[in-house]
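Asks: Below you will find the structure I want to go over with you.
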Amino acid sequence: MTGLLGGTFNPPHNGHLALARAAQGHFDLDDSALAVLVAERPGHKEVQLDAATRLKLARVAFPDASRRAVE
């Protein structure tokens with residue numbers, strides 16, 4: 001099973017990390033089974049940081065997620 005955590009991550013914060021940990025525990029997911037999806041152009045809100053920066057920050061915030069999963 002793969003867990004999906006999507007958002008703007010503008011910027012990533014402790015709430016994102018806590019949600020990911022809770023989901024991993026609840027669904028018994030290991031780190032490589034977590035896919036973090038950064039919304040490039042969210043239609044529901046404005047973002048201050050460009051998508052490339054938010055992607056880099058998400059990769060730092062979720063270092064144990066597989067590299068292919070943080071997109």
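Here's how to read the names in the structure tokens: chain A, B, ... by the order shown, residue numbers from 1 in each chain, ligand numbers from 1 in the order shown.
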Counting only C-alpha atoms, what is within 12 Å of Glu46 in chain A, bar same-chain residues fewer than 5 positions away, as a list in words?
Replies: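 Residues meeting the cut-off are Thr8, Phe9, Asn10, Ala39, Glu40, Arg41 and Ala51 of chain A.
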Asks: Can you spit out the residues from that selection as a PDB file, in the first residue's frame, using all heavy atoms?
Replies:
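The resulting again_28.pdb:
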ATOM      1  N   THR A   8       0.225  22.041  -0.735  1.00  0.00           N
ATOM      2  CA  THR A   8       1.061  23.089  -1.317  1.00  0.00           C
ATOM      3  C   THR A   8       2.435  23.118  -0.653  1.00  0.00           C
ATOM      4  O   THR A   8       3.398  23.533  -1.268  1.00  0.00           O
ATOM      5  CB  THR A   8       0.401  24.477  -1.154  1.00  0.00           C
ATOM      6  OG1 THR A   8       0.179  24.738   0.223  1.00  0.00           O
ATOM      7  CG2 THR A   8      -0.892  24.566  -1.927  1.00  0.00           C
ATOM      8  N   PHE A   9       2.502  22.721   0.604  1.00  0.00           N
ATOM      9  CA  PHE A   9       3.762  22.729   1.359  1.00  0.00           C
ATOM     10  C   PHE A   9       4.421  24.096   1.227  1.00  0.00           C
ATOM     11  O   PHE A   9       5.546  24.237   0.794  1.00  0.00           O
ATOM     12  CB  PHE A   9       4.682  21.588   0.898  1.00  0.00           C
ATOM     13  CG  PHE A   9       4.052  20.248   1.095  1.00  0.00           C
ATOM     14  CD1 PHE A   9       3.438  19.590   0.039  1.00  0.00           C
ATOM     15  CD2 PHE A   9       4.022  19.662   2.343  1.00  0.00           C
ATOM     16  CE1 PHE A   9       2.829  18.364   0.224  1.00  0.00           C
ATOM     17  CE2 PHE A   9       3.410  18.432   2.544  1.00  0.00           C
ATOM     18  CZ  PHE A   9       2.817  17.784   1.475  1.00  0.00           C
ATOM     19  N   ASN A  10       3.676  25.103   1.639  1.00  0.00           N
ATOM     20  CA  ASN A  10       4.049  26.502   1.445  1.00  0.00           C
ATOM     21  C   ASN A  10       4.197  27.230   2.781  1.00  0.00           C
ATOM     22  O   ASN A  10       3.374  28.068   3.111  1.00  0.00           O
ATOM     23  CB  ASN A  10       2.995  27.182   0.570  1.00  0.00           C
ATOM     24  CG  ASN A  10       3.369  28.596   0.203  1.00  0.00           C
ATOM     25  OD1 ASN A  10       4.476  28.848  -0.207  1.00  0.00           O
ATOM     26  ND2 ASN A  10       2.439  29.517   0.362  1.00  0.00           N
ATOM     27  N   ALA A  39       1.659  20.356  -4.848  1.00  0.00           N
ATOM     28  CA  ALA A  39       0.794  20.974  -5.855  1.00  0.00           C
ATOM     29  C   ALA A  39       1.563  22.104  -6.547  1.00  0.00           C
ATOM     30  O   ALA A  39       1.996  23.055  -5.902  1.00  0.00           O
ATOM     31  CB  ALA A  39      -0.471  21.520  -5.203  1.00  0.00           C
ATOM     32  N   GLU A  40       1.723  21.964  -7.856  1.00  0.00           N
ATOM     33  CA  GLU A  40       2.486  22.977  -8.593  1.00  0.00           C
ATOM     34  C   GLU A  40       1.741  24.304  -8.643  1.00  0.00           C
ATOM     35  O   GLU A  40       2.297  25.351  -8.339  1.00  0.00           O
ATOM     36  CB  GLU A  40       2.772  22.494 -10.008  1.00  0.00           C
ATOM     37  CG  GLU A  40       3.627  23.459 -10.791  1.00  0.00           C
ATOM     38  CD  GLU A  40       3.973  22.944 -12.168  1.00  0.00           C
ATOM     39  OE1 GLU A  40       3.556  21.844 -12.544  1.00  0.00           O
ATOM     40  OE2 GLU A  40       4.674  23.671 -12.883  1.00  0.00           O
ATOM     41  N   ARG A  41       0.481  24.256  -9.046  1.00  0.00           N
ATOM     42  CA  ARG A  41      -0.348  25.464  -9.148  1.00  0.00           C
ATOM     43  C   ARG A  41      -1.695  25.198  -8.482  1.00  0.00           C
ATOM     44  O   ARG A  41      -2.677  24.895  -9.175  1.00  0.00           O
ATOM     45  CB  ARG A  41      -0.560  25.844 -10.599  1.00  0.00           C
ATOM     46  CG  ARG A  41       0.642  26.475 -11.252  1.00  0.00           C
ATOM     47  CD  ARG A  41       0.399  26.620 -12.711  1.00  0.00           C
ATOM     48  NE  ARG A  41       0.395  25.246 -13.236  1.00  0.00           N
ATOM     49  CZ  ARG A  41       0.786  24.882 -14.424  1.00  0.00           C
ATOM     50  NH1 ARG A  41       1.154  25.754 -15.269  1.00  0.00           N
ATOM     51  NH2 ARG A  41       0.778  23.630 -14.801  1.00  0.00           N
ATOM     52  N   ALA A  51       6.991  26.606  -7.147  1.00  0.00           N
ATOM     53  CA  ALA A  51       6.864  25.154  -7.010  1.00  0.00           C
ATOM     54  C   ALA A  51       8.219  24.474  -6.817  1.00  0.00           C
ATOM     55  O   ALA A  51       8.338  23.534  -6.027  1.00  0.00           O
ATOM     56  CB  ALA A  51       6.145  24.572  -8.225  1.00  0.00           C
TER      57      ALA A  51
END
Asks: As a list in words, please: all residues of range 3-62 of chain A that backbone DSSP puts in strand (DSSP E).
Replies: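 DSSP on the backbone gives strand (DSSP E) at Gly3, Leu4, Leu5, Gly6, Gly7, Leu34, Ala35, Val36, Leu37 and Val38 of chain A.
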Asks: Would you pick out the contacts of Leu57 in chain A at 7 Å or less, using only C-alpha atoms, so that residues sharing its chain but fewer than 4 positions from it are not included, and give the list as a PyMOL selection string?
Replies: chain A and resi 12+53+61
Asks: Please, could you write that set of residues out with all heavy atoms as a CSV table (one decimal), in the first residue's frame?
Replies:
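Final file, result16.csv:
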chain,number,residue,atom,x,y,z
A,12,PRO,N,6.6,23.6,4.0
A,12,PRO,CA,6.3,22.4,4.9
A,12,PRO,C,6.5,22.7,6.3
A,12,PRO,O,7.3,23.6,6.7
A,12,PRO,CB,7.4,21.4,4.4
A,12,PRO,CG,7.9,21.9,3.1
A,12,PRO,CD,7.7,23.3,3.1
A,53,THR,N,10.9,25.6,-5.4
A,53,THR,CA,11.4,25.8,-4.0
A,53,THR,C,10.6,25.0,-3.0
A,53,THR,O,11.2,24.3,-2.1
A,53,THR,CB,11.2,27.3,-3.6
A,53,THR,OG1,12.1,28.1,-4.5
A,53,THR,CG2,11.7,27.6,-2.2
A,61,ALA,N,12.1,18.1,4.2
A,61,ALA,CA,11.1,17.8,5.3
A,61,ALA,C,10.8,16.4,5.4
A,61,ALA,O,10.5,15.9,6.5
A,61,ALA,CB,9.8,18.6,5.1
Asks: Just want the 12 Å neighbourhood of Val38 in chain A, counted on only C-alpha atoms, with same-chain residues fewer than 6 positions away dropped. Output as an MDAnalysis selection string.
Replies: chainID A and resid 4:12 16 47 49:59 62 69:71
Asks: Once you have the residues from the selection above, write them out as a PDB file, in the first residue's frame, restricted to N, CA and C atoms.
Replies:
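Printed below is selection.pdb as written:
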ATOM      1  N   LEU A   4      -0.523   8.567   0.234  1.00  0.00           N
ATOM      2  CA  LEU A   4      -0.354   9.812  -0.516  1.00  0.00           C
ATOM      3  C   LEU A   4      -0.598  10.994   0.411  1.00  0.00           C
ATOM      4  N   LEU A   5       0.346  11.917   0.453  1.00  0.00           N
ATOM      5  CA  LEU A   5       0.189  13.151   1.215  1.00  0.00           C
ATOM      6  C   LEU A   5       0.418  14.298   0.246  1.00  0.00           C
ATOM      7  N   GLY A   6      -0.638  14.978  -0.097  1.00  0.00           N
ATOM      8  CA  GLY A   6      -0.540  16.077  -1.046  1.00  0.00           C
ATOM      9  C   GLY A   6      -0.823  17.410  -0.389  1.00  0.00           C
ATOM     10  N   GLY A   7      -0.269  18.456  -0.963  1.00  0.00           N
ATOM     11  CA  GLY A   7      -0.521  19.798  -0.456  1.00  0.00           C
ATOM     12  C   GLY A   7       0.345  20.810  -1.173  1.00  0.00           C
ATOM     13  N   THR A   8       0.225  22.041  -0.735  1.00  0.00           N
ATOM     14  CA  THR A   8       1.061  23.089  -1.317  1.00  0.00           C
ATOM     15  C   THR A   8       2.435  23.118  -0.653  1.00  0.00           C
ATOM     16  N   PHE A   9       2.502  22.721   0.604  1.00  0.00           N
ATOM     17  CA  PHE A   9       3.762  22.729   1.359  1.00  0.00           C
ATOM     18  C   PHE A   9       4.421  24.096   1.227  1.00  0.00           C
ATOM     19  N   ASN A  10       3.676  25.103   1.639  1.00  0.00           N
ATOM     20  CA  ASN A  10       4.049  26.502   1.445  1.00  0.00           C
ATOM     21  C   ASN A  10       4.197  27.230   2.781  1.00  0.00           C
ATOM     22  N   PRO A  11       5.188  26.933   3.538  1.00  0.00           N
ATOM     23  CA  PRO A  11       6.205  25.897   3.411  1.00  0.00           C
ATOM     24  C   PRO A  11       5.782  24.636   4.171  1.00  0.00           C
ATOM     25  N   PRO A  12       6.551  23.551   4.043  1.00  0.00           N
ATOM     26  CA  PRO A  12       6.284  22.373   4.860  1.00  0.00           C
ATOM     27  C   PRO A  12       6.462  22.742   6.333  1.00  0.00           C
ATOM     28  N   HIS A  16       2.444  19.013   8.798  1.00  0.00           N
ATOM     29  CA  HIS A  16       2.589  18.050   7.704  1.00  0.00           C
ATOM     30  C   HIS A  16       3.311  16.790   8.188  1.00  0.00           C
ATOM     31  N   VAL A  47       0.064  30.957  -3.325  1.00  0.00           N
ATOM     32  CA  VAL A  47       1.273  30.512  -2.634  1.00  0.00           C
ATOM     33  C   VAL A  47       2.356  31.563  -2.802  1.00  0.00           C
ATOM     34  N   LEU A  49       5.751  30.853  -2.391  1.00  0.00           N
ATOM     35  CA  LEU A  49       6.969  30.249  -2.928  1.00  0.00           C
ATOM     36  C   LEU A  49       6.685  29.532  -4.244  1.00  0.00           C
ATOM     37  N   ASP A  50       7.650  29.564  -5.156  1.00  0.00           N
ATOM     38  CA  ASP A  50       7.459  28.868  -6.424  1.00  0.00           C
ATOM     39  C   ASP A  50       7.499  27.358  -6.203  1.00  0.00           C
ATOM     40  N   ALA A  51       6.991  26.606  -7.147  1.00  0.00           N
ATOM     41  CA  ALA A  51       6.864  25.154  -7.010  1.00  0.00           C
ATOM     42  C   ALA A  51       8.219  24.474  -6.817  1.00  0.00           C
ATOM     43  N   ALA A  52       9.247  24.917  -7.515  1.00  0.00           N
ATOM     44  CA  ALA A  52      10.566  24.289  -7.389  1.00  0.00           C
ATOM     45  C   ALA A  52      11.111  24.439  -5.967  1.00  0.00           C
ATOM     46  N   THR A  53      10.921  25.591  -5.368  1.00  0.00           N
ATOM     47  CA  THR A  53      11.377  25.822  -3.999  1.00  0.00           C
ATOM     48  C   THR A  53      10.589  24.967  -3.023  1.00  0.00           C
ATOM     49  N   ARG A  54       9.266  24.907  -3.206  1.00  0.00           N
ATOM     50  CA  ARG A  54       8.434  24.092  -2.314  1.00  0.00           C
ATOM     51  C   ARG A  54       8.781  22.608  -2.438  1.00  0.00           C
ATOM     52  N   LEU A  55       9.130  22.170  -3.640  1.00  0.00           N
ATOM     53  CA  LEU A  55       9.543  20.783  -3.845  1.00  0.00           C
ATOM     54  C   LEU A  55      10.846  20.497  -3.097  1.00  0.00           C
ATOM     55  N   LYS A  56      11.816  21.405  -3.196  1.00  0.00           N
ATOM     56  CA  LYS A  56      13.077  21.234  -2.475  1.00  0.00           C
ATOM     57  C   LYS A  56      12.838  21.178  -0.966  1.00  0.00           C
ATOM     58  N   LEU A  57      11.981  22.051  -0.465  1.00  0.00           N
ATOM     59  CA  LEU A  57      11.670  22.067   0.967  1.00  0.00           C
ATOM     60  C   LEU A  57      10.976  20.781   1.405  1.00  0.00           C
ATOM     61  N   ALA A  58      10.089  20.270   0.566  1.00  0.00           N
ATOM     62  CA  ALA A  58       9.392  19.019   0.891  1.00  0.00           C
ATOM     63  C   ALA A  58      10.383  17.861   0.931  1.00  0.00           C
ATOM     64  N   ARG A  59      11.350  17.854   0.035  1.00  0.00           N
ATOM     65  CA  ARG A  59      12.363  16.795   0.040  1.00  0.00           C
ATOM     66  C   ARG A  59      13.198  16.834   1.314  1.00  0.00           C
ATOM     67  N   PHE A  62      10.840  15.652   4.292  1.00  0.00           N
ATOM     68  CA  PHE A  62      10.520  14.224   4.246  1.00  0.00           C
ATOM     69  C   PHE A  62      11.710  13.443   3.693  1.00  0.00           C
ATOM     70  N   ALA A  69       9.201   9.535  -4.733  1.00  0.00           N
ATOM     71  CA  ALA A  69       7.861   9.804  -4.230  1.00  0.00           C
ATOM     72  C   ALA A  69       7.608  11.285  -4.002  1.00  0.00           C
ATOM     73  N   VAL A  70       8.648  12.068  -3.746  1.00  0.00           N
ATOM     74  CA  VAL A  70       8.452  13.497  -3.487  1.00  0.00           C
ATOM     75  C   VAL A  70       8.494  14.215  -4.820  1.00  0.00           C
ATOM     76  N   GLU A  71       7.277  14.486  -5.368  1.00  0.00           N
ATOM     77  CA  GLU A  71       7.159  15.086  -6.706  1.00  0.00           C
ATOM     78  C   GLU A  71       6.241  16.283  -6.682  1.00  0.00           C
TER      79      GLU A  71
END
Asks: Looking only at the backbone, which of the residues in chain A does DSSP tag as helix (DSSP H, G or I), as a ChimeraX atom specification?
Replies: /A:14-27,31-33,51-61
Asks: Please produce a file of the residues just selected, as a short mmCIF file (atom, residue, chain, number, x, y, z; two decimals), in the first residue's frame, where the atoms kept are N, CA and C atoms.
Replies:
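Final output, result.cif:
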data_model
loop_
_atom_site.label_atom_id
_atom_site.label_comp_id
_atom_site.auth_asym_id
_atom_site.auth_seq_id
_atom_site.Cartn_x
_atom_site.Cartn_y
_atom_site.Cartn_z
N ASN A 14 5.56 21.43 10.78
CA ASN A 14 5.41 20.31 11.71
C ASN A 14 4.06 19.62 11.59
N GLY A 15 3.03 20.34 11.20
CA GLY A 15 1.71 19.74 11.01
C GLY A 15 1.74 18.71 9.88
N HIS A 16 2.44 19.01 8.80
CA HIS A 16 2.59 18.05 7.70
C HIS A 16 3.31 16.79 8.19
N LEU A 17 4.37 17.01 8.96
CA LEU A 17 5.15 15.87 9.46
C LEU A 17 4.32 15.02 10.42
N ALA A 18 3.56 15.67 11.30
CA ALA A 18 2.72 14.93 12.24
C ALA A 18 1.64 14.13 11.51
N LEU A 19 1.04 14.73 10.51
CA LEU A 19 0.02 14.03 9.72
C LEU A 19 0.61 12.81 9.02
N ALA A 20 1.80 12.98 8.45
CA ALA A 20 2.46 11.86 7.77
C ALA A 20 2.77 10.74 8.75
N ARG A 21 3.31 11.10 9.93
CA ARG A 21 3.63 10.08 10.94
C ARG A 21 2.38 9.35 11.41
N ALA A 22 1.30 10.10 11.63
CA ALA A 22 0.05 9.49 12.08
C ALA A 22 -0.50 8.53 11.03
N ALA A 23 -0.46 8.94 9.77
CA ALA A 23 -0.96 8.07 8.70
C ALA A 23 -0.09 6.83 8.57
N GLN A 24 1.23 7.00 8.68
CA GLN A 24 2.12 5.85 8.59
C GLN A 24 1.83 4.86 9.70
N GLY A 25 1.61 5.36 10.91
CA GLY A 25 1.29 4.49 12.03
C GLY A 25 -0.05 3.81 11.87
N HIS A 26 -1.05 4.57 11.47
CA HIS A 26 -2.40 4.03 11.33
C HIS A 26 -2.49 2.97 10.24
N PHE A 27 -1.84 3.22 9.12
CA PHE A 27 -1.92 2.30 7.98
C PHE A 27 -0.71 1.37 7.88
N ASP A 31 8.57 4.18 5.48
CA ASP A 31 8.89 5.47 4.86
C ASP A 31 8.87 5.44 3.35
N SER A 32 9.29 4.33 2.77
CA SER A 32 9.33 4.26 1.31
C SER A 32 7.93 4.13 0.70
N ALA A 33 6.92 3.88 1.53
CA ALA A 33 5.55 3.74 1.03
C ALA A 33 4.78 5.05 1.13
N ALA A 51 6.99 26.61 -7.15
CA ALA A 51 6.86 25.15 -7.01
C ALA A 51 8.22 24.47 -6.82
N ALA A 52 9.25 24.92 -7.51
CA ALA A 52 10.57 24.29 -7.39
C ALA A 52 11.11 24.44 -5.97
N THR A 53 10.92 25.59 -5.37
CA THR A 53 11.38 25.82 -4.00
C THR A 53 10.59 24.97 -3.02
N ARG A 54 9.27 24.91 -3.21
CA ARG A 54 8.43 24.09 -2.31
C ARG A 54 8.78 22.61 -2.44
N LEU A 55 9.13 22.17 -3.64
CA LEU A 55 9.54 20.78 -3.85
C LEU A 55 10.85 20.50 -3.10
N LYS A 56 11.82 21.41 -3.20
CA LYS A 56 13.08 21.23 -2.48
C LYS A 56 12.84 21.18 -0.97
N LEU A 57 11.98 22.05 -0.46
CA LEU A 57 11.67 22.07 0.97
C LEU A 57 10.98 20.78 1.40
N ALA A 58 10.09 20.27 0.57
CA ALA A 58 9.39 19.02 0.89
C ALA A 58 10.38 17.86 0.93
N ARG A 59 11.35 17.85 0.04
CA ARG A 59 12.36 16.79 0.04
C ARG A 59 13.20 16.83 1.31
N VAL A 60 13.47 18.03 1.81
CA VAL A 60 14.21 18.17 3.07
C VAL A 60 13.32 17.75 4.25
N ALA A 61 12.06 18.15 4.21
CA ALA A 61 11.14 17.84 5.31
C ALA A 61 10.81 16.36 5.41
#
